[in-house]
>>> print(open('coords21.txt').read())   # compact mmCIF, C-alpha atoms
# COMPACT_ATOMS: atom_id res chain seq x y z
CA MET A 1 -29.86 15.79 24.19
CA ILE A 2 -30.91 18.77 22.08
CA GLY A 3 -33.77 21.19 22.53
CA ASP A 4 -35.12 24.70 22.44
CA ALA A 5 -34.22 26.26 25.79
CA THR A 6 -36.64 29.14 25.47
CA THR A 7 -40.01 27.78 24.34
CA GLY A 8 -39.94 23.99 24.30
CA THR A 9 -41.53 24.11 20.83
CA ALA A 10 -40.32 22.73 17.52
CA LEU A 11 -37.03 24.24 16.46
CA VAL A 12 -36.44 26.57 13.57
CA ALA A 13 -33.12 25.14 12.43
CA PRO A 14 -31.28 24.20 9.25
CA THR A 15 -32.68 21.24 7.37
CA THR A 16 -30.56 18.11 7.29
CA ALA A 17 -29.75 18.82 3.64
CA GLU A 18 -28.63 22.37 4.51
CA ARG A 19 -26.40 21.03 7.28
CA ILE A 20 -24.75 18.62 4.85
CA ARG A 21 -24.22 21.36 2.27
CA SER A 22 -22.63 23.55 4.96
CA ALA A 23 -20.32 20.69 5.98
CA CYS A 24 -19.33 20.27 2.33
CA ALA A 25 -18.69 24.00 1.94
CA ARG A 26 -16.48 24.09 5.04
CA GLY A 27 -14.33 21.38 3.44
CA GLY A 28 -13.63 19.60 6.71
CA SER A 29 -12.14 16.19 7.38
CA ALA A 30 -13.16 13.39 5.01
CA ILE A 31 -12.03 9.90 4.10
CA LEU A 32 -12.94 7.68 1.16
CA ALA A 33 -13.18 3.92 1.65
CA ALA A 34 -13.77 0.93 -0.64
CA GLU A 35 -13.72 -2.80 0.02
CA GLY A 36 -10.23 -4.26 0.05
CA THR A 37 -8.40 -0.96 0.59
CA ASP A 38 -7.47 1.21 3.54
CA PRO A 39 -9.49 4.44 3.91
CA SER A 40 -7.87 7.35 2.09
CA PRO A 41 -8.04 10.97 3.29
CA THR A 42 -9.11 13.47 0.64
CA PRO A 43 -8.27 17.19 0.61
CA VAL A 44 -11.17 18.04 -1.75
CA HIS A 45 -14.67 16.52 -1.89
CA HIS A 46 -16.95 18.74 -3.95
CA LEU A 47 -20.65 18.23 -4.75
CA LEU A 48 -21.24 18.71 -8.48
CA ASP A 49 -24.41 20.04 -10.08
CA ASP A 50 -25.29 16.57 -11.41
CA GLY A 51 -25.48 15.18 -7.85
CA SER A 52 -22.14 13.36 -7.84
CA PHE A 53 -19.05 14.16 -5.77
CA ALA A 54 -15.66 15.00 -7.28
CA ILE A 55 -13.00 13.66 -4.91
CA MET A 56 -9.21 13.87 -4.86
CA VAL A 57 -7.32 10.70 -3.91
CA PRO A 58 -3.57 9.92 -3.87
CA SER A 59 -2.40 9.00 -7.38
CA GLY A 60 -0.19 6.19 -6.16
CA GLY A 61 -2.81 4.70 -3.82
CA PRO A 62 -4.97 1.61 -4.27
CA LEU A 63 -8.22 3.56 -4.71
CA ALA A 64 -6.92 5.40 -7.76
CA ALA A 65 -5.60 2.14 -9.23
CA LEU A 66 -8.87 0.28 -8.59
CA THR A 67 -10.99 2.93 -10.32
CA VAL A 68 -8.75 2.81 -13.40
CA THR A 69 -8.96 -1.01 -13.51
CA ALA A 70 -12.74 -1.04 -12.98
CA GLY A 71 -13.36 1.29 -15.89
CA ALA A 72 -17.03 1.97 -16.66
CA ALA A 73 -18.18 -0.53 -14.00
CA GLY A 74 -16.78 1.54 -11.14
CA ILE A 75 -16.36 0.29 -7.57
CA GLN A 76 -18.58 0.56 -4.51
CA ALA A 77 -17.29 3.20 -2.08
CA VAL A 78 -18.25 5.37 0.89
CA LEU A 79 -17.23 8.96 1.54
CA GLU A 80 -17.28 9.79 5.26
CA MET A 81 -17.28 13.47 6.25
CA THR A 82 -16.68 14.45 9.87
CA ASP A 83 -17.89 17.81 11.13
CA TYR A 84 -15.65 18.74 14.06
CA ALA A 85 -16.43 21.54 16.50
CA PRO A 86 -13.90 24.37 16.15
CA LEU A 87 -13.20 24.29 19.92
CA PRO A 88 -11.44 21.57 21.98
CA LEU A 89 -14.56 19.97 23.44
CA ARG A 90 -14.79 16.66 25.33
CA GLU A 91 -16.74 15.26 22.37
CA PRO A 92 -15.49 17.22 19.36
CA VAL A 93 -17.52 15.51 16.61
CA ARG A 94 -20.72 17.43 15.85
CA SER A 95 -21.94 15.15 13.07
CA LEU A 96 -20.95 12.40 10.64
CA VAL A 97 -22.08 12.15 7.03
CA TRP A 98 -21.87 8.92 5.02
CA ILE A 99 -22.25 9.16 1.24
CA SER A 100 -22.43 5.77 -0.48
CA GLY A 101 -22.26 5.08 -4.19
CA ARG A 102 -20.10 3.92 -7.10
CA LEU A 103 -16.69 5.42 -7.68
CA PHE A 104 -15.32 6.12 -11.15
CA HIS A 105 -11.99 7.34 -12.51
CA VAL A 106 -12.16 10.70 -14.32
CA PRO A 107 -10.13 10.36 -17.55
CA PRO A 108 -8.01 13.22 -18.93
CA PRO A 109 -10.47 14.40 -21.63
CA GLY A 110 -12.59 17.04 -19.92
CA LEU A 111 -10.65 16.81 -16.65
CA ALA A 112 -9.20 20.31 -16.91
CA GLY A 113 -12.67 21.74 -17.51
CA LEU A 114 -14.07 19.88 -14.52
CA LEU A 115 -11.27 21.22 -12.32
CA ASP A 116 -12.10 24.74 -13.49
CA LEU A 117 -15.76 24.22 -12.57
CA ILE A 118 -14.78 23.04 -9.10
CA ALA A 119 -12.34 25.91 -8.62
CA GLU A 120 -15.05 28.49 -9.41
CA LYS A 121 -16.91 27.50 -6.24
CA ASN A 122 -14.08 25.94 -4.23
CA PRO A 123 -10.72 27.54 -5.11
CA ASN A 124 -8.72 25.05 -3.06
CA PRO A 125 -4.96 25.19 -3.89
CA ALA A 126 -4.88 21.38 -3.68
CA LEU A 127 -6.66 21.26 -7.05
CA LEU A 128 -3.35 22.28 -8.66
CA GLN A 129 -1.93 18.93 -7.52
CA VAL A 130 -4.30 16.83 -9.64
CA ASN A 131 -2.65 14.83 -12.44
CA THR A 132 -4.21 15.96 -15.73
CA ASP A 133 -1.74 14.34 -18.14
CA SER A 134 -2.31 10.61 -17.96
CA LEU A 135 -5.01 8.02 -17.47
CA GLU A 136 -2.71 5.79 -15.47
CA ALA A 137 -2.88 6.31 -11.72
CA GLY A 138 0.46 7.34 -10.29
CA ASP A 139 1.91 8.68 -13.57
CA GLY A 140 3.49 12.12 -13.55
CA ASP A 141 4.71 14.21 -10.65
CA THR A 142 1.35 15.38 -9.32
CA PRO A 143 0.28 13.43 -6.22
CA TYR A 144 -3.50 13.33 -6.71
CA THR A 145 -6.06 11.81 -9.04
CA LEU A 146 -9.64 13.03 -9.44
CA VAL A 147 -12.40 10.43 -9.06
CA ARG A 148 -16.19 10.80 -9.12
CA LEU A 149 -18.68 9.25 -6.70
CA GLU A 150 -22.19 8.69 -8.08
CA ILE A 151 -24.46 8.81 -5.02
CA ASP A 152 -26.74 5.95 -3.98
CA SER A 153 -27.53 7.16 -0.45
CA VAL A 154 -26.69 9.93 2.03
CA VAL A 155 -27.02 9.50 5.81
CA VAL A 156 -26.15 12.01 8.54
CA ALA A 157 -25.84 11.20 12.26
CA ASP A 158 -25.51 13.52 15.26
CA SER A 159 -26.66 13.72 18.87
CA THR A 160 -30.31 13.59 17.75
CA GLY A 161 -29.97 10.35 15.76
CA ALA A 162 -29.53 9.40 12.10
CA GLU A 163 -31.45 10.56 9.03
CA SER A 164 -31.21 9.87 5.30
CA VAL A 165 -31.37 12.63 2.69
CA GLY A 166 -32.31 12.37 -0.98
CA VAL A 167 -29.94 13.62 -3.66
CA GLY A 168 -32.63 16.01 -4.94
CA ALA A 169 -33.01 17.64 -1.52
CA LEU A 170 -29.24 17.92 -1.26
CA LEU A 171 -29.00 19.73 -4.61
CA ASP A 172 -31.89 22.05 -3.75
CA ALA A 173 -30.33 23.07 -0.41
CA GLN A 174 -27.79 25.87 0.04
CA PRO A 175 -24.91 26.14 2.53
CA ASP A 176 -25.51 28.39 5.51
CA PRO A 177 -24.34 31.96 4.74
CA PHE A 178 -22.13 31.95 7.85
CA CYS A 179 -20.55 28.49 7.48
CA ALA A 180 -17.21 29.88 6.27
CA MET A 181 -16.87 32.27 9.22
CA GLU A 182 -18.35 29.99 11.88
CA SER A 183 -15.09 28.46 13.16
CA GLY A 184 -13.25 31.75 13.52
CA TRP A 185 -16.25 33.46 15.10
CA LEU A 186 -16.77 30.73 17.71
CA GLN A 187 -13.06 30.60 18.55
CA HIS A 188 -12.99 34.39 19.00
CA LEU A 189 -16.14 34.26 21.10
CA GLU A 190 -14.61 31.65 23.41
CA SER A 191 -11.23 33.34 23.79
CA ALA A 192 -12.07 37.05 23.79
CA HIS A 193 -15.75 37.46 24.66
CA ARG A 194 -16.54 35.02 27.41
CA GLU A 195 -19.05 37.53 28.77
CA VAL A 196 -21.20 36.98 25.66
CA VAL A 197 -21.23 33.21 26.28
CA ASP A 198 -22.19 33.84 29.90
CA ARG A 199 -25.06 36.11 28.87
CA LEU A 200 -26.30 33.50 26.41
CA ALA A 201 -25.97 30.83 29.12
CA ASN A 202 -28.48 32.78 31.21
CA ARG A 203 -31.10 31.66 28.67
CA LEU A 204 -30.55 28.02 29.59
CA PRO A 205 -32.64 26.05 32.10
CA ILE A 206 -31.18 26.52 35.58
CA PRO A 207 -29.90 22.91 35.94
CA LEU A 208 -27.81 23.27 32.77
CA ARG A 209 -26.15 26.48 33.93
CA ARG A 210 -24.13 24.49 36.47
CA GLY A 211 -22.10 22.88 33.69
CA HIS A 212 -19.30 24.34 31.57
CA VAL A 213 -21.07 26.20 28.75
CA ARG A 214 -19.21 26.38 25.42
CA PRO A 215 -20.19 27.81 22.03
CA LEU A 216 -20.87 24.88 19.69
CA GLY A 217 -22.44 26.18 16.50
CA LEU A 218 -23.71 29.18 14.59
CA ASP A 219 -26.09 29.44 11.64
CA ARG A 220 -28.69 31.79 10.23
CA TYR A 221 -31.33 30.30 12.53
CA GLY A 222 -29.58 30.58 15.88
CA VAL A 223 -26.70 29.69 18.18
CA GLN A 224 -25.91 26.28 19.66
CA LEU A 225 -24.29 25.84 23.06
CA ARG A 226 -22.63 22.73 24.46
CA VAL A 227 -23.00 22.20 28.21
CA GLU A 228 -20.29 19.89 29.54
CA ALA A 229 -21.77 18.66 32.82
CA GLU A 230 -21.08 15.85 35.29
CA ASP A 231 -23.98 13.84 33.87
CA GLY A 232 -22.76 14.18 30.29
CA ASP A 233 -22.90 16.65 27.44
CA HIS A 234 -26.04 18.57 26.49
CA ASP A 235 -26.49 20.50 23.23
CA VAL A 236 -29.02 23.34 23.31
CA ARG A 237 -30.13 25.61 20.49
CA LEU A 238 -31.02 29.25 21.15
CA PRO A 239 -33.11 30.26 18.11
CA PHE A 240 -33.18 33.75 16.69
CA ALA A 241 -36.53 35.55 16.41
CA LYS A 242 -36.20 35.13 12.64
CA PRO A 243 -33.50 33.82 10.28
CA VAL A 244 -30.74 36.27 9.37
CA ASP A 245 -28.77 36.60 6.15
CA ASP A 246 -25.91 39.03 6.80
CA VAL A 247 -23.43 40.03 9.49
CA THR A 248 -25.49 43.06 10.57
CA GLY A 249 -28.56 40.92 11.12
CA LEU A 250 -26.46 38.30 12.90
CA SER A 251 -25.02 40.86 15.31
CA GLN A 252 -28.48 42.20 16.10
CA ALA A 253 -29.94 38.74 16.63
CA ILE A 254 -27.17 37.73 19.03
CA ARG A 255 -27.52 40.93 21.03
CA ILE A 256 -31.25 40.32 21.36
CA LEU A 257 -30.51 36.79 22.63
CA MET A 258 -28.16 38.38 25.16
CA GLY A 259 -30.97 40.66 26.32
CA CYS A 260 -29.41 43.87 24.96
CA PRO A 261 -32.01 45.30 22.56
CA PHE A 262 -30.73 48.89 22.84
CA LEU A 263 -27.36 47.79 21.44
CA ASN A 264 -29.14 46.90 18.19
CA GLY A 265 -29.78 50.50 17.32
CA LEU A 266 -33.22 50.28 18.96
CA ARG A 267 -34.12 53.27 21.03
CA ALA A 268 -36.52 53.78 23.92
CA ARG A 269 -39.68 55.60 22.94
CA ARG A 270 -39.73 59.18 24.11
CA ILE A 271 -42.64 60.10 26.36
>>> encode(input="coords21.txt", output="structure tokens")
Amino acid sequence: MIGDATTGTALVAPTTAERIRSACARGGSAILAAEGTDPSPTPVHHLLDDGSFAIMVPSGGPLAALTVTAGAAGIQAVLEMTDYAPLPLREPVRSLVWISGRLFHVPPPGLAGLLDLIAEKNPNPALLQVNTDSLEAGDGDTPYTLVRLEIDSVVVADSTGAESVGVGALLDAQPDPFCAMESGWLQHLESAHREVVDRLANRLPIPLRRGHVRPLGLDRYGVQLRVEAEDGDHDVRLPFAKPVDDVTGLSQAIRILMGCPFLNGLRARRI
């Protein structure tokens, strides 16, 4: 279950497209699957400006070989991205994203330029392991081949249900400004500032406070808490008064949620 613990009104929260872009930017766990082959983990899955995904797959694996054989026809494939909570929760998966489409081999001409474009936004060291010398999958000493997934559909599922997203909406959306720091911040909050979690938990409905309250998510719109209770898990969003865009604004918004306005630099009016 998910809801606004403070007002019961519609949430101000990231759009589904924004959530997907944030999951892409975090570069979490992903696998690529096609009919007749075992799913293959990929260290890089990057959304390009044309609406396709550039994906690294093992050079010696069946997926790389199939894309070379298929040529311009490509093969039908699905990229599955899993967004895991950064804490060891009972149910660690926050959301799943399925991106379906046709998969194509990226030939050597232009490959180096494409890798440079990816590295400008996602400087992942794994990109140095892509084979740029040969069209044949498995040739050379580098263990990865770059393939491209042209998107047919995008579906995301979480505790609220499943929803499809258009490619245009995905390209128009931006990752959350805090998505890169979210994991470290939540882990630090859990391990070193349990008092903050407890103060935030005081905003929850009384029945939910009896469960084990854990930090689940952070974005420019608010904080999410996971309540692990005897009757199951409950996800609750505590929205900020307004969206924030930098660390200073984030700190102030969290302190207001905690009920500490004077720690924001606000001062009592002198009488």
>>> closest_atom_pairs(input="coords21.txt", of="range 169-200 of chain A", to="range 232-238 of chain A", cutoff="12 Å", atoms="all atoms listed in the file", output="CSV")
residue,atom,partner,partner_atom,distance
A:Val197,CA,A:Leu238,CA,11.7
A:Arg199,CA,A:Leu238,CA,11.9
A:Leu200,CA,A:Leu238,CA,8.2
>>> atom_distance(input="coords21.txt", atom1="CA of Gly71 in chain A", atom2="CA of Leu115 in chain A")
20.4 Å
>>> atom_distance(input="coords21.txt", atom1="CA of Ala253 in chain A", atom2="CA of Gly161 in chain A")
28.4 Å
>>> closest_residue(input="coords21.txt", among="A:Leu87, A:Leu127, A:Leu149, A:Leu117", to="Gly51 in chain A", atoms="all atoms listed in the file")
A:Leu149
>>> closest_residue(input="coords21.txt", among="A:Glu195, A:Pro175, A:Pro58, A:Leu103", to="Val130 in chain A", atoms="only C-alpha atoms")
A:Pro58
>>> atom_distance(input="coords21.txt", atom1="CA of Val68 in chain A", atom2="CA of Pro125 in chain A")
24.6 Å
>>> closest_residue(input="coords21.txt", among="A:Val156, A:Ala119, A:Ala65, A:Val106", to="Leu79 in chain A", atoms="only C-alpha atoms")
A:Val156
>>> residues_around(input="coords21.txt", residues="range 73-76 of chain A", least_positions_apart="6", cutoff="8 Å", atoms="only C-alpha atoms", output="list in words")
Ala34, Glu35, Leu66, Thr67, Ser100, Gly101, Arg102, Leu103, Phe104 and His105 of chain A
>>> closest_residue(input="coords21.txt", among="A:Thr82, A:Pro39, A:Arg148, A:Ala72", to="Met56 in chain A", atoms="all atoms listed in the file")
A:Arg148
>>> closest_residue(input="coords21.txt", among="A:Tyr144, A:Ser164, A:Phe240, A:Gly28", to="Gln129 in chain A", atoms="all atoms listed in the file")
A:Tyr144
>>> closest_residue(input="coords21.txt", among="A:Arg94, A:Asn131, A:Val213, A:Ala85", to="Ala112 in chain A", atoms="only C-alpha atoms")
A:Asn131
>>> residues_near_point(input="coords21.txt", point="(-34.2, 36.1, 23.3)", cutoff="10 Å", atoms="all atoms listed in the file", output="compact mmCIF listing (two decimals) with C-alpha atoms, keeping the file's coordinate frame")
# COMPACT_ATOMS: atom_id res chain seq x y z
CA THR A 6 -36.64 29.14 25.47
CA LEU A 200 -26.30 33.50 26.41
CA ARG A 203 -31.10 31.66 28.67
CA LEU A 238 -31.02 29.25 21.15
CA PRO A 239 -33.11 30.26 18.11
CA PHE A 240 -33.18 33.75 16.69
CA ALA A 241 -36.53 35.55 16.41
CA ALA A 253 -29.94 38.74 16.63
CA ILE A 254 -27.17 37.73 19.03
CA ARG A 255 -27.52 40.93 21.03
CA ILE A 256 -31.25 40.32 21.36
CA LEU A 257 -30.51 36.79 22.63
CA MET A 258 -28.16 38.38 25.16
CA GLY A 259 -30.97 40.66 26.32
CA CYS A 260 -29.41 43.87 24.96
CA PRO A 261 -32.01 45.30 22.56
>>> residues_around(input="coords21.txt", residues="Ile99 in chain A", least_positions_apart="2", cutoff="6 Å", atoms="only C-alpha atoms", output="number ranges by chain")
A: 78-79, 153-154
>>> residues_around(input="coords21.txt", residues="Glu230 in chain A", least_positions_apart="3", cutoff="12 Å", atoms="all atoms listed in the file", output="list in words")
Arg90, Pro207, Leu208, Arg209, Arg210, Gly211, His212, Val227, Asp233 and His234 of chain A
>>> residues_around(input="coords21.txt", residues="Leu250 in chain A", least_positions_apart="4", cutoff="9 Å", atoms="all atoms listed in the file", output="PyMOL selection string")
chain A and resi 219-220+222+240+243-246+254-255
>>> build_atoms(input="coords21.txt", residues="range 53-66 of chain A", atoms="N, CA and C atoms", output="PDB file, keeping the file's coordinate frame")
ATOM      1  N   PHE A  53     -20.144  13.495  -6.467  1.00  0.00           N
ATOM      2  CA  PHE A  53     -19.050  14.160  -5.770  1.00  0.00           C
ATOM      3  C   PHE A  53     -17.754  13.976  -6.555  1.00  0.00           C
ATOM      4  N   ALA A  54     -17.022  15.063  -6.753  1.00  0.00           N
ATOM      5  CA  ALA A  54     -15.660  15.000  -7.280  1.00  0.00           C
ATOM      6  C   ALA A  54     -14.717  14.936  -6.078  1.00  0.00           C
ATOM      7  N   ILE A  55     -13.836  13.934  -6.094  1.00  0.00           N
ATOM      8  CA  ILE A  55     -13.000  13.660  -4.910  1.00  0.00           C
ATOM      9  C   ILE A  55     -11.557  13.467  -5.351  1.00  0.00           C
ATOM     10  N   MET A  56     -10.641  14.069  -4.607  1.00  0.00           N
ATOM     11  CA  MET A  56      -9.210  13.870  -4.860  1.00  0.00           C
ATOM     12  C   MET A  56      -8.689  12.729  -3.994  1.00  0.00           C
ATOM     13  N   VAL A  57      -7.956  11.802  -4.626  1.00  0.00           N
ATOM     14  CA  VAL A  57      -7.320  10.700  -3.910  1.00  0.00           C
ATOM     15  C   VAL A  57      -5.866  10.613  -4.337  1.00  0.00           C
ATOM     16  N   PRO A  58      -4.988  10.046  -3.502  1.00  0.00           N
ATOM     17  CA  PRO A  58      -3.570   9.920  -3.870  1.00  0.00           C
ATOM     18  C   PRO A  58      -3.395   9.128  -5.162  1.00  0.00           C
ATOM     19  N   SER A  59      -2.594   9.647  -6.081  1.00  0.00           N
ATOM     20  CA  SER A  59      -2.400   9.000  -7.380  1.00  0.00           C
ATOM     21  C   SER A  59      -1.780   7.615  -7.255  1.00  0.00           C
ATOM     22  N   GLY A  60      -0.873   7.458  -6.298  1.00  0.00           N
ATOM     23  CA  GLY A  60      -0.190   6.190  -6.160  1.00  0.00           C
ATOM     24  C   GLY A  60      -0.898   5.200  -5.250  1.00  0.00           C
ATOM     25  N   GLY A  61      -2.094   5.545  -4.770  1.00  0.00           N
ATOM     26  CA  GLY A  61      -2.810   4.700  -3.820  1.00  0.00           C
ATOM     27  C   GLY A  61      -3.676   3.663  -4.490  1.00  0.00           C
ATOM     28  N   PRO A  62      -4.152   2.689  -3.707  1.00  0.00           N
ATOM     29  CA  PRO A  62      -4.970   1.610  -4.270  1.00  0.00           C
ATOM     30  C   PRO A  62      -6.317   2.068  -4.818  1.00  0.00           C
ATOM     31  N   LEU A  63      -6.925   3.101  -4.218  1.00  0.00           N
ATOM     32  CA  LEU A  63      -8.220   3.560  -4.710  1.00  0.00           C
ATOM     33  C   LEU A  63      -8.117   4.084  -6.141  1.00  0.00           C
ATOM     34  N   ALA A  64      -7.098   4.881  -6.405  1.00  0.00           N
ATOM     35  CA  ALA A  64      -6.920   5.400  -7.760  1.00  0.00           C
ATOM     36  C   ALA A  64      -6.693   4.254  -8.739  1.00  0.00           C
ATOM     37  N   ALA A  65      -5.876   3.286  -8.353  1.00  0.00           N
ATOM     38  CA  ALA A  65      -5.600   2.140  -9.230  1.00  0.00           C
ATOM     39  C   ALA A  65      -6.853   1.318  -9.480  1.00  0.00           C
ATOM     40  N   LEU A  66      -7.655   1.086  -8.441  1.00  0.00           N
ATOM     41  CA  LEU A  66      -8.870   0.280  -8.590  1.00  0.00           C
ATOM     42  C   LEU A  66      -9.881   0.949  -9.524  1.00  0.00           C
TER      43      LEU A  66
END
